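K.L.:
Hey, dropping protein-v7.csv in here, CSV, C-alpha atoms:
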```csv
chain,number,residue,atom,x,y,z
A,4,MET,CA,5.6,49.3,-3.4
A,5,SER,CA,9.0,49.4,-5.2
A,6,VAL,CA,12.0,50.8,-3.4
A,7,ILE,CA,13.8,53.3,-5.6
A,8,PRO,CA,17.6,53.3,-5.0
A,9,LYS,CA,19.0,56.5,-3.5
A,10,GLY,CA,20.1,58.9,-6.1
A,11,ALA,CA,18.0,57.4,-8.9
A,12,ASP,CA,15.9,59.5,-11.1
A,13,PRO,CA,12.6,57.6,-11.6
A,14,ALA,CA,11.5,59.8,-14.5
A,15,GLN,CA,14.8,59.3,-16.4
A,16,ASP,CA,14.8,55.6,-15.6
A,17,ALA,CA,11.3,55.3,-17.0
A,18,ALA,CA,12.1,57.2,-20.2
A,19,LEU,CA,15.3,55.1,-20.8
A,20,THR,CA,13.5,51.8,-20.0
A,21,LEU,CA,10.6,52.6,-22.4
A,22,ALA,CA,13.1,53.6,-25.1
A,23,ALA,CA,15.1,50.4,-24.5
A,24,GLN,CA,12.0,48.3,-24.7
A,25,SER,CA,11.3,49.9,-28.1
A,26,GLY,CA,14.7,48.9,-29.3
A,27,ASP,CA,16.8,52.0,-28.6
A,28,VAL,CA,20.3,50.4,-27.9
A,29,SER,CA,21.9,53.6,-26.6
A,30,ALA,CA,19.1,53.9,-24.0
A,31,LEU,CA,19.8,50.4,-22.7
A,32,ALA,CA,23.5,51.0,-22.7
A,33,LEU,CA,23.0,54.2,-20.7
A,34,LEU,CA,20.6,52.5,-18.3
A,35,LEU,CA,23.1,49.8,-17.5
A,36,LYS,CA,26.0,52.3,-17.2
A,37,GLN,CA,24.0,54.5,-14.7
A,38,HIS,CA,23.0,51.5,-12.5
A,39,ALA,CA,26.3,49.7,-12.7
A,40,PRO,CA,27.6,51.0,-9.3
A,41,GLY,CA,24.5,49.9,-7.5
A,42,MET,CA,24.5,46.5,-9.3
A,43,ARG,CA,28.1,46.0,-8.3
A,44,ALA,CA,27.3,46.9,-4.8
A,45,VAL,CA,24.7,44.2,-4.6
A,46,ALA,CA,27.1,41.6,-6.1
A,47,LEU,CA,29.8,42.6,-3.5
A,48,SER,CA,27.3,42.4,-0.7
A,49,VAL,CA,26.3,38.8,-1.6
A,50,LEU,CA,29.6,37.4,-2.9
A,51,GLY,CA,32.3,39.6,-1.3
A,52,PRO,CA,35.3,40.9,-3.3
A,53,GLY,CA,36.7,38.6,-6.0
A,54,PRO,CA,36.5,37.7,-9.7
A,55,ASP,CA,33.0,36.2,-9.3
A,56,VAL,CA,31.7,39.8,-9.0
A,57,ASP,CA,32.8,40.5,-12.6
A,58,ASP,CA,31.3,37.3,-13.9
A,59,VAL,CA,28.0,38.1,-12.2
A,60,MET,CA,28.0,41.7,-13.6
A,61,GLN,CA,28.5,40.3,-17.1
A,62,GLU,CA,25.8,37.7,-16.7
A,63,ALA,CA,23.4,40.2,-15.2
A,64,ALA,CA,23.9,42.6,-18.2
A,65,LEU,CA,23.1,39.7,-20.6
A,66,VAL,CA,19.9,38.9,-18.6
A,67,ALA,CA,18.9,42.6,-18.6
A,68,LEU,CA,19.5,42.8,-22.3
A,69,ARG,CA,17.2,39.8,-22.9
A,70,ARG,CA,14.6,40.6,-20.3
A,71,ILE,CA,14.2,44.4,-20.4
A,72,VAL,CA,10.9,43.9,-22.2
A,73,ASP,CA,9.5,42.2,-19.1
A,74,VAL,CA,9.9,45.2,-16.9
A,75,ARG,CA,6.3,46.3,-16.1
A,76,ASP,CA,7.2,49.4,-13.9
A,77,PRO,CA,9.8,51.4,-15.9
A,78,GLN,CA,10.3,53.7,-12.9
A,79,ALA,CA,11.4,50.8,-10.8
A,80,VAL,CA,14.0,49.4,-13.3
A,81,GLY,CA,16.7,50.0,-10.6
A,82,PRO,CA,15.3,47.5,-8.1
A,83,TRP,CA,14.7,45.2,-11.0
A,84,LEU,CA,18.3,45.3,-12.1
A,85,HIS,CA,19.4,44.7,-8.5
A,86,MET,CA,17.1,41.7,-8.4
A,87,VAL,CA,18.7,40.3,-11.5
A,88,VAL,CA,22.1,40.7,-10.0
A,89,ARG,CA,21.0,39.1,-6.7
A,90,ASN,CA,19.5,36.1,-8.6
A,91,CYS,CA,22.7,35.6,-10.6
A,92,CYS,CA,24.6,35.7,-7.4
A,93,ARG,CA,22.4,33.0,-5.8
A,94,THR,CA,22.6,30.9,-8.9
A,95,LEU,CA,26.4,31.1,-8.7
A,96,LEU,CA,26.5,30.2,-5.0
A,97,ARG,CA,24.2,27.2,-5.5
A,98,ALA,CA,26.1,26.0,-8.5
A,99,SER,CA,29.5,26.4,-6.8
A,100,ARG,CA,28.6,23.3,-4.7
A,101,ARG,CA,28.2,21.4,-8.0
A,102,VAL,CA,30.3,20.9,-11.1
A,103,GLU,CA,28.9,23.7,-13.3
A,104,PRO,CA,29.7,27.3,-12.1
A,105,MET,CA,26.8,29.1,-13.8
A,106,ALA,CA,23.2,27.9,-14.5
A,107,ALA,CA,21.3,28.8,-17.6
A,108,VAL,CA,19.8,32.2,-17.8
A,109,PRO,CA,16.2,32.0,-16.6
A,110,LEU,CA,13.5,32.4,-19.2
A,111,PRO,CA,9.9,33.3,-18.9
A,112,ALA,CA,7.4,30.5,-18.3
A,113,SER,CA,6.0,31.0,-21.8
A,114,GLY,CA,8.4,28.5,-23.2
A,115,SER,CA,10.1,31.1,-25.5
A,116,THR,CA,13.5,30.2,-26.8
A,117,PRO,CA,16.4,32.6,-26.3
A,118,GLU,CA,16.3,33.6,-29.9
A,119,GLN,CA,12.5,34.1,-29.9
A,120,LEU,CA,12.8,36.3,-26.8
A,121,LEU,CA,15.4,38.5,-28.5
A,122,GLN,CA,13.3,38.6,-31.6
A,123,SER,CA,10.5,40.3,-29.6
A,124,HIS,CA,12.3,43.6,-29.8
A,125,ALA,CA,14.8,45.5,-32.0
A,126,LEU,CA,17.7,45.0,-29.6
A,127,ARG,CA,18.3,41.6,-31.2
A,128,ASP,CA,20.1,43.2,-34.1
A,129,TRP,CA,22.5,45.1,-31.7
A,130,VAL,CA,23.2,41.9,-29.8
A,131,TRP,CA,24.1,40.0,-33.0
A,132,GLU,CA,26.3,42.8,-34.3
A,133,ALA,CA,28.3,42.5,-31.0
A,134,VAL,CA,28.4,38.7,-31.2
A,135,GLU,CA,29.9,38.9,-34.6
A,136,ALA,CA,32.7,41.1,-33.3
A,137,LEU,CA,33.9,38.2,-31.1
A,138,SER,CA,36.7,35.9,-32.1
A,139,PRO,CA,35.5,32.5,-33.5
A,140,THR,CA,36.9,30.8,-30.4
A,141,LEU,CA,34.7,32.9,-28.1
A,142,ARG,CA,31.7,33.2,-30.4
A,143,LEU,CA,30.9,29.5,-30.7
A,144,PRO,CA,30.6,28.6,-27.0
A,145,LEU,CA,28.7,31.9,-26.3
A,146,VAL,CA,26.2,31.3,-29.2
A,147,LEU,CA,25.6,27.7,-28.1
A,148,ARG,CA,25.2,28.7,-24.4
A,149,TYR,CA,22.7,31.5,-24.9
A,150,PHE,CA,21.1,31.0,-28.3
A,151,SER,CA,20.8,27.2,-28.9
A,152,THR,CA,18.2,25.1,-27.2
A,153,GLU,CA,19.9,21.7,-27.2
A,154,VAL,CA,23.6,22.4,-26.7
A,155,THR,CA,23.6,24.6,-23.7
A,156,SER,CA,25.2,22.9,-20.7
A,157,TYR,CA,28.9,23.2,-20.1
A,158,GLN,CA,29.4,19.5,-20.8
A,159,GLN,CA,27.5,19.6,-24.1
A,160,ILE,CA,29.4,22.7,-25.2
A,161,ALA,CA,32.7,21.0,-24.3
A,162,GLU,CA,31.7,17.9,-26.4
A,163,ALA,CA,30.6,20.1,-29.3
A,164,CYS,CA,33.8,22.2,-29.3
A,165,ALA,CA,36.1,19.2,-28.4
A,166,VAL,CA,37.6,21.0,-25.4
A,167,PRO,CA,37.6,20.4,-21.7
A,168,VAL,CA,34.8,21.8,-19.5
A,169,SER,CA,37.3,24.0,-17.8
A,170,THR,CA,38.1,25.6,-21.2
A,171,VAL,CA,34.5,26.2,-21.8
A,172,ARG,CA,34.2,28.0,-18.5
A,173,SER,CA,37.2,30.1,-19.3
A,174,ARG,CA,36.0,31.0,-22.8
A,175,LEU,CA,32.6,31.9,-21.7
A,176,HIS,CA,34.1,34.2,-19.0
A,177,GLN,CA,36.2,35.9,-21.7
A,178,ALA,CA,33.3,35.9,-24.1
A,179,ARG,CA,30.9,37.7,-21.7
A,180,GLY,CA,33.5,40.3,-21.0
A,181,ALA,CA,34.3,40.8,-24.7
A,182,LEU,CA,30.6,40.9,-25.5
A,183,ALA,CA,30.0,43.7,-23.0
A,184,GLN,CA,32.8,45.7,-24.6
A,185,ALA,CA,31.5,44.9,-28.1
A,186,LEU,CA,28.0,46.0,-27.2
A,187,THR,CA,29.3,49.4,-26.1
A,188,ALA,CA,31.4,49.7,-29.2
A,189,THR,CA,28.5,48.9,-31.6
A,190,VAL,CA,25.8,51.1,-30.0
A,191,GLY,CA,26.0,53.6,-32.8
A,192,SER,CA,26.6,51.2,-35.6
A,193,ALA,CA,24.2,50.0,-38.3
A,194,HIS,CA,22.8,46.6,-37.4
A,195,ASP,CA,21.7,43.8,-39.7
A,196,ASP,CA,18.1,42.7,-39.7
A,197,VAL,CA,18.6,39.5,-37.8
A,198,ALA,CA,14.9,38.5,-38.1
A,199,ARG,CA,15.2,38.5,-41.8
A,200,ARG,CA,18.4,36.5,-41.8
A,201,THR,CA,17.0,34.0,-39.3
A,202,GLU,CA,13.9,33.4,-41.4
A,203,ALA,CA,16.1,33.0,-44.5
A,204,SER,CA,18.1,30.3,-42.7
A,205,TRP,CA,14.9,28.5,-41.6
A,206,GLN,CA,13.9,28.4,-45.2
A,207,GLU,CA,17.3,27.2,-46.3
A,208,ALA,CA,17.2,24.4,-43.7
A,209,ARG,CA,13.8,23.2,-44.9
A,210,GLU,CA,14.8,23.4,-48.6
A,211,THR,CA,18.1,21.6,-47.9
A,212,LEU,CA,16.2,18.6,-46.4
A,213,ALA,CA,13.6,18.7,-49.1
A,214,ALA,CA,16.3,18.6,-51.8
A,215,ALA,CA,18.0,15.7,-50.0
A,216,GLU,CA,14.8,13.7,-50.1
A,217,ARG,CA,14.5,14.4,-53.8
A,218,GLY,CA,18.1,13.1,-54.3
A,219,GLU,CA,19.5,16.6,-54.9
A,220,PHE,CA,21.6,17.0,-51.8
A,221,GLY,CA,24.7,17.0,-54.0
A,222,LYS,CA,23.5,20.1,-55.8
A,223,VAL,CA,22.9,21.9,-52.5
A,224,VAL,CA,26.4,21.0,-51.3
A,225,LYS,CA,27.9,22.2,-54.6
A,226,ASP,CA,26.0,25.5,-54.5
A,227,ARG,CA,26.2,26.4,-50.8
A,228,TYR,CA,29.2,24.7,-49.4
A,229,SER,CA,32.9,25.4,-50.0
A,230,PRO,CA,34.7,22.9,-52.3
A,231,GLU,CA,37.1,22.3,-49.4
A,232,VAL,CA,34.3,22.0,-46.7
A,233,ALA,CA,35.5,20.1,-43.6
A,234,LEU,CA,33.1,17.7,-41.8
A,235,LEU,CA,34.1,17.5,-38.2
A,236,ALA,CA,33.1,15.2,-35.3
A,237,GLY,CA,34.5,15.6,-31.8
A,238,GLY,CA,36.6,18.6,-33.1
A,239,ARG,CA,38.5,16.4,-35.6
A,240,ARG,CA,38.1,16.5,-39.4
A,241,ILE,CA,36.6,13.2,-40.5
A,242,GLY,CA,36.0,14.0,-44.1
A,243,GLY,CA,34.6,16.5,-46.6
A,244,ALA,CA,31.8,16.8,-49.1
A,245,GLY,CA,31.9,13.2,-50.1
A,246,LEU,CA,31.3,12.0,-46.5
A,247,MET,CA,28.5,14.5,-46.1
A,248,LEU,CA,26.8,13.1,-49.2
A,249,ALA,CA,27.3,9.5,-48.1
A,250,GLY,CA,26.0,10.2,-44.6
A,251,MET,CA,22.9,11.9,-45.8
A,252,ASP,CA,22.2,9.2,-48.5
A,253,GLY,CA,22.8,6.5,-45.9
A,254,ASP,CA,20.3,8.0,-43.4
A,255,LEU,CA,17.6,8.5,-46.1
A,256,ALA,CA,18.1,5.0,-47.3
A,257,ALA,CA,17.6,3.7,-43.8
A,258,GLY,CA,14.3,5.7,-43.5
A,259,VAL,CA,15.7,8.4,-41.2
A,260,ARG,CA,14.3,11.9,-41.7
A,261,GLN,CA,15.3,15.2,-40.2
A,262,ARG,CA,13.0,18.0,-39.0
A,263,PRO,CA,14.2,21.5,-38.2
A,264,LEU,CA,13.5,22.5,-34.6
A,265,HIS,CA,15.5,25.7,-34.0
A,266,VAL,CA,17.7,27.9,-36.1
A,267,VAL,CA,20.5,30.3,-35.0
A,268,ALA,CA,21.7,32.5,-37.8
A,269,GLY,CA,24.7,34.8,-37.6
A,270,ARG,CA,26.8,36.2,-40.5
A,271,SER,CA,29.6,33.9,-39.7
A,272,LEU,CA,28.0,31.1,-37.7
A,273,VAL,CA,24.8,29.1,-38.3
A,274,VAL,CA,23.3,26.4,-36.1
A,275,TRP,CA,20.5,24.1,-37.3
A,276,GLU,CA,19.0,22.0,-34.6
A,277,MET,CA,17.2,19.0,-36.0
A,278,GLU,CA,15.0,16.2,-34.7
A,279,LEU,CA,15.9,12.8,-36.1
A,280,VAL,CA,12.9,10.7,-36.9
A,281,ASN,CA,13.8,7.0,-37.1
A,282,PRO,CA,11.8,4.4,-39.0
A,283,PRO,CA,9.2,2.5,-36.9
A,284,ASP,CA,11.0,-0.8,-37.4
A,285,ASP,CA,14.3,0.7,-36.2
A,286,PRO,CA,13.6,3.3,-33.6
A,287,ASP,CA,17.1,3.4,-32.3
A,288,HIS,CA,18.9,3.8,-35.6
A,289,CYS,CA,19.9,7.4,-34.8
A,290,PRO,CA,20.0,9.5,-31.7
A,291,PRO,CA,17.0,11.7,-31.1
A,292,GLY,CA,18.5,14.9,-32.5
A,293,VAL,CA,21.5,16.5,-34.2
A,294,ALA,CA,22.9,20.0,-34.4
A,295,TRP,CA,24.5,21.2,-37.6
A,296,ILE,CA,27.1,23.8,-36.3
A,297,MET,CA,28.4,25.5,-39.5
A,298,SER,CA,30.8,28.4,-40.1
A,299,LEU,CA,30.5,30.7,-43.1
A,300,ASN,CA,33.4,32.0,-45.2
A,301,ALA,CA,32.6,34.3,-48.2
A,302,GLY,CA,29.0,33.2,-48.1
A,303,ARG,CA,29.7,29.5,-48.2
A,304,PHE,CA,29.7,26.9,-45.4
A,305,ASP,CA,33.3,25.8,-44.9
A,306,ARG,CA,33.1,23.8,-41.7
A,307,VAL,CA,30.3,21.6,-40.5
A,308,SER,CA,30.4,20.1,-37.0
A,309,LEU,CA,27.7,17.6,-36.2
A,310,TYR,CA,26.7,17.2,-32.5
A,311,HIS,CA,24.3,14.4,-31.7
A,312,ALA,CA,21.9,14.7,-28.8
A,313,ALA,CA,22.4,11.9,-26.3
A,314,ARG,CA,19.7,9.3,-26.2
A,315,PRO,CA,17.8,9.3,-22.9
A,316,GLN,CA,18.8,6.5,-20.5
A,317,LYS,CA,16.2,3.8,-20.3
A,318,ALA,CA,15.0,2.8,-16.9
A,319,PRO,CA,16.3,-0.6,-15.8
A,320,ALA,CA,13.8,-3.4,-16.3
A,321,GLU,CA,12.2,-4.8,-13.1
A,322,ALA,CA,13.1,-8.3,-12.1
```
Take the structure I supplied and represent it as structure tokens, if you would.

P.N.:
Amino acid sequence: MSVIPKGADPAQDAALTLAAQSGDVSALALLLKQHAPGMRAVALSVLGPGPDVDDVMQEAALVALRRIVDVRDPQAVGPWLHMVVRNCCRTLLRASRRVEPMAAVPLPASGSTPEQLLQSHALRDWVWEAVEALSPTLRLPLVLRYFSTEVTSYQQIAEACAVPVSTVRSRLHQARGALAQALTATVGSAHDDVARRTEASWQEARETLAAAERGEFGKVVKDRYSPEVALLAGGRRIGGAGLMLAGMDGDLAAGVRQRPLHVVAGRSLVVWEMELVNPPDDPDHCPPGVAWIMSLNAGRFDRVSLYHAARPQKAPAEA
């Protein structure tokens, strides 16, 4: 039997939870606000006073946002939120003995990606509206951390953003706090249809690769990319449209093909995660995957950063 926190109104909790599960953003905001004191008390009881409590509260709010659809007993949402906080605290304590201070947000065993989980209810549009309100410096690491599938660890994000791991930690801390404020500020705003935008980006990724195989990648670059597009690697500009065309042509000539695996589509930031399929006679020509991390300006891609997934280490041969 669920233990209802003292002072909680099970009937009101149930009504707010059901509304939030149906996509009512104001209901979720009110639910989190009403249970914030109890959630903070749990964090304090586990961690003690200190800045880690704020981090855990922000992390727990993001988990609740993404997992509210999993609550099976709406009247017991209070204990559920307390459990979320307690799990975040335990994750932080375990990770504090290692290098990375916060593990990835746990997902259901169904194998759903973060974006697929958010697409299961209307709250996704509210989340993305708030994400778009962040500065580009904070938006990129947060999107990679919580919405990509391949570039999620602190080390990977540091490499993709060309900053130290400590900077990634700091920016994610700021981003979570700013996102919480942005979510509150955008409760009553009109929200874009993220599902439609994501599907359009999936289609664009497929059409871009198909055009490249037809020898028409140059037309795609001319139509969709800024004339001054910057191609980056390791955070440094290594070229522009010419190098993009040469790189694509070189891969195709070598028999390398790309296959879209996951798409993250914001108004100002798009991530295409691709599998790289090498030719049978040269299986190590390219790493196993690449992420196209692209920023948009006036509807055109103006910066493209390529992040290559590391090739798995081969086991040493036995003597």

K.L.:
Tell me, in Å to one decimal, how far CA of Asp57 in chain A is from CA of Ala268 in chain A.

P.N.:
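About the pair CA of Asp57 in chain A and CA of Ala268 in chain A: they are 28.7 Å apart.
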
K.L.:
Just checking: using all atoms listed in the file, which residue out of A:Ala133, A:Ala32, A:Ala18, A:Ala44 ends up closest to Asp76 in chain A?

P.N.:
A:Ala18

K.L.:
Find the spatial neighbours of Gly258 in chain A, counting only C-alpha atoms, within a cut-off of 12 Å - ignore same-chain residues fewer than 6 positions away - and output them as a list in words.

P.N.:
Glu216, Met251, Asp252, Leu279, Val280, Asn281, Pro282, Pro283, Asp284, Asp285, Pro286, Asp287, His288 and Cys289 of chain A

K.L.:
Nearest to Val232 in chain A among A:Ser308, A:Thr155, A:Gln15, A:Thr94, with distances taken over only C-alpha atoms: which residue is it?

P.N.:
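Of A:Ser308, A:Thr155, A:Gln15, A:Thr94, the one nearest Val232 in chain A is A:Ser308, counting only C-alpha atoms.
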
K.L.:
I want to know what sits within 12 Å of Leu234 in chain A, based on all atoms listed in the file, with residues of the same chain fewer than 6 positions away left out; could you give that as an mmCIF file with C-alpha atoms, in the coordinates of the input?

P.N.:
```
data_model
loop_
_atom_site.group_PDB
_atom_site.id
_atom_site.type_symbol
_atom_site.label_atom_id
_atom_site.label_comp_id
_atom_site.auth_asym_id
_atom_site.auth_seq_id
_atom_site.Cartn_x
_atom_site.Cartn_y
_atom_site.Cartn_z
ATOM 1 C CA TYR A 228 29.200 24.700 -49.400
ATOM 2 C CA ARG A 240 38.100 16.500 -39.400
ATOM 3 C CA ILE A 241 36.600 13.200 -40.500
ATOM 4 C CA GLY A 242 36.000 14.000 -44.100
ATOM 5 C CA GLY A 243 34.600 16.500 -46.600
ATOM 6 C CA ALA A 244 31.800 16.800 -49.100
ATOM 7 C CA GLY A 245 31.900 13.200 -50.100
ATOM 8 C CA LEU A 246 31.300 12.000 -46.500
ATOM 9 C CA MET A 247 28.500 14.500 -46.100
ATOM 10 C CA LEU A 248 26.800 13.100 -49.200
ATOM 11 C CA ALA A 249 27.300 9.500 -48.100
ATOM 12 C CA GLY A 250 26.000 10.200 -44.600
ATOM 13 C CA TRP A 295 24.500 21.200 -37.600
ATOM 14 C CA ILE A 296 27.100 23.800 -36.300
ATOM 15 C CA MET A 297 28.400 25.500 -39.500
ATOM 16 C CA SER A 298 30.800 28.400 -40.100
ATOM 17 C CA PHE A 304 29.700 26.900 -45.400
ATOM 18 C CA ASP A 305 33.300 25.800 -44.900
ATOM 19 C CA ARG A 306 33.100 23.800 -41.700
ATOM 20 C CA VAL A 307 30.300 21.600 -40.500
ATOM 21 C CA SER A 308 30.400 20.100 -37.000
ATOM 22 C CA LEU A 309 27.700 17.600 -36.200
ATOM 23 C CA TYR A 310 26.700 17.200 -32.500
#
```

K.L.:
Just how far from CA of Ala233 in chain A is CA of Ala203 in chain A, in Å to one decimal?

P.N.:
23.3 Å

K.L.:
With the input short on atoms, add all heavy atoms back to range 288-297 of chain A and write it as a PDB file, in the coordinates of the input.

P.N.:
```
ATOM      1  N   HIS A 288      17.869   3.677 -34.551  1.00  0.00           N
ATOM      2  CA  HIS A 288      18.900   3.800 -35.600  1.00  0.00           C
ATOM      3  C   HIS A 288      19.793   4.995 -35.386  1.00  0.00           C
ATOM      4  O   HIS A 288      21.008   4.905 -35.515  1.00  0.00           O
ATOM      5  CB  HIS A 288      18.218   3.878 -36.978  1.00  0.00           C
ATOM      6  CG  HIS A 288      19.193   3.873 -38.122  1.00  0.00           C
ATOM      7  ND1 HIS A 288      19.632   2.714 -38.726  1.00  0.00           N
ATOM      8  CD2 HIS A 288      19.834   4.887 -38.760  1.00  0.00           C
ATOM      9  CE1 HIS A 288      20.490   3.011 -39.691  1.00  0.00           C
ATOM     10  NE2 HIS A 288      20.628   4.327 -39.728  1.00  0.00           N
ATOM     11  N   CYS A 289      19.200   6.132 -35.047  1.00  0.00           N
ATOM     12  CA  CYS A 289      19.900   7.400 -34.800  1.00  0.00           C
ATOM     13  C   CYS A 289      19.559   7.955 -33.460  1.00  0.00           C
ATOM     14  O   CYS A 289      18.478   7.666 -32.945  1.00  0.00           O
ATOM     15  CB  CYS A 289      19.654   8.396 -35.910  1.00  0.00           C
ATOM     16  SG  CYS A 289      20.456   8.049 -37.485  1.00  0.00           S
ATOM     17  N   PRO A 290      20.415   8.802 -32.884  1.00  0.00           N
ATOM     18  CA  PRO A 290      20.000   9.500 -31.700  1.00  0.00           C
ATOM     19  C   PRO A 290      18.812  10.402 -31.961  1.00  0.00           C
ATOM     20  O   PRO A 290      18.455  10.609 -33.126  1.00  0.00           O
ATOM     21  CB  PRO A 290      21.273  10.366 -31.353  1.00  0.00           C
ATOM     22  CG  PRO A 290      22.388   9.704 -32.078  1.00  0.00           C
ATOM     23  CD  PRO A 290      21.786   9.108 -33.307  1.00  0.00           C
ATOM     24  N   PRO A 291      18.181  10.965 -30.928  1.00  0.00           N
ATOM     25  CA  PRO A 291      17.000  11.700 -31.100  1.00  0.00           C
ATOM     26  C   PRO A 291      17.146  13.059 -31.874  1.00  0.00           C
ATOM     27  O   PRO A 291      16.183  13.615 -32.404  1.00  0.00           O
ATOM     28  CB  PRO A 291      16.423  11.964 -29.728  1.00  0.00           C
ATOM     29  CG  PRO A 291      17.611  11.800 -28.845  1.00  0.00           C
ATOM     30  CD  PRO A 291      18.483  10.781 -29.494  1.00  0.00           C
ATOM     31  N   GLY A 292      18.356  13.570 -31.890  1.00  0.00           N
ATOM     32  CA  GLY A 292      18.500  14.900 -32.500  1.00  0.00           C
ATOM     33  C   GLY A 292      19.979  15.116 -32.931  1.00  0.00           C
ATOM     34  O   GLY A 292      20.897  14.414 -32.486  1.00  0.00           O
ATOM     35  N   VAL A 293      20.162  16.110 -33.791  1.00  0.00           N
ATOM     36  CA  VAL A 293      21.500  16.500 -34.200  1.00  0.00           C
ATOM     37  C   VAL A 293      21.524  18.000 -34.437  1.00  0.00           C
ATOM     38  O   VAL A 293      20.535  18.595 -34.871  1.00  0.00           O
ATOM     39  CB  VAL A 293      21.900  15.755 -35.527  1.00  0.00           C
ATOM     40  CG1 VAL A 293      20.966  16.128 -36.670  1.00  0.00           C
ATOM     41  CG2 VAL A 293      23.347  16.046 -35.913  1.00  0.00           C
ATOM     42  N   ALA A 294      22.653  18.604 -34.102  1.00  0.00           N
ATOM     43  CA  ALA A 294      22.900  20.000 -34.400  1.00  0.00           C
ATOM     44  C   ALA A 294      23.923  20.158 -35.458  1.00  0.00           C
ATOM     45  O   ALA A 294      25.008  19.590 -35.339  1.00  0.00           O
ATOM     46  CB  ALA A 294      23.301  20.762 -33.109  1.00  0.00           C
ATOM     47  N   TRP A 295      23.580  20.859 -36.527  1.00  0.00           N
ATOM     48  CA  TRP A 295      24.500  21.200 -37.600  1.00  0.00           C
ATOM     49  C   TRP A 295      25.162  22.544 -37.159  1.00  0.00           C
ATOM     50  O   TRP A 295      24.506  23.581 -37.214  1.00  0.00           O
ATOM     51  CB  TRP A 295      23.881  21.367 -38.916  1.00  0.00           C
ATOM     52  CG  TRP A 295      23.151  20.191 -39.487  1.00  0.00           C
ATOM     53  CD1 TRP A 295      22.519  19.199 -38.819  1.00  0.00           C
ATOM     54  CD2 TRP A 295      22.956  19.917 -40.881  1.00  0.00           C
ATOM     55  NE1 TRP A 295      21.943  18.319 -39.689  1.00  0.00           N
ATOM     56  CE2 TRP A 295      22.192  18.739 -40.962  1.00  0.00           C
ATOM     57  CE3 TRP A 295      23.343  20.559 -42.058  1.00  0.00           C
ATOM     58  CZ2 TRP A 295      21.807  18.186 -42.177  1.00  0.00           C
ATOM     59  CZ3 TRP A 295      22.959  20.014 -43.276  1.00  0.00           C
ATOM     60  CH2 TRP A 295      22.212  18.836 -43.343  1.00  0.00           C
ATOM     61  N   ILE A 296      26.402  22.556 -36.752  1.00  0.00           N
ATOM     62  CA  ILE A 296      27.100  23.800 -36.300  1.00  0.00           C
ATOM     63  C   ILE A 296      28.029  24.159 -37.483  1.00  0.00           C
ATOM     64  O   ILE A 296      29.037  23.484 -37.728  1.00  0.00           O
ATOM     65  CB  ILE A 296      27.870  23.559 -35.036  1.00  0.00           C
ATOM     66  CG1 ILE A 296      26.921  23.060 -33.934  1.00  0.00           C
ATOM     67  CG2 ILE A 296      28.573  24.842 -34.605  1.00  0.00           C
ATOM     68  CD1 ILE A 296      27.634  22.579 -32.684  1.00  0.00           C
ATOM     69  N   MET A 297      27.680  25.233 -38.205  1.00  0.00           N
ATOM     70  CA  MET A 297      28.400  25.500 -39.500  1.00  0.00           C
ATOM     71  C   MET A 297      28.943  26.936 -39.482  1.00  0.00           C
ATOM     72  O   MET A 297      28.275  27.898 -39.094  1.00  0.00           O
ATOM     73  CB  MET A 297      27.365  25.391 -40.634  1.00  0.00           C
ATOM     74  CG  MET A 297      26.729  24.005 -40.720  1.00  0.00           C
ATOM     75  SD  MET A 297      25.461  23.866 -42.025  1.00  0.00           S
ATOM     76  CE  MET A 297      24.134  24.855 -41.322  1.00  0.00           C
TER      77      MET A 297
END
```
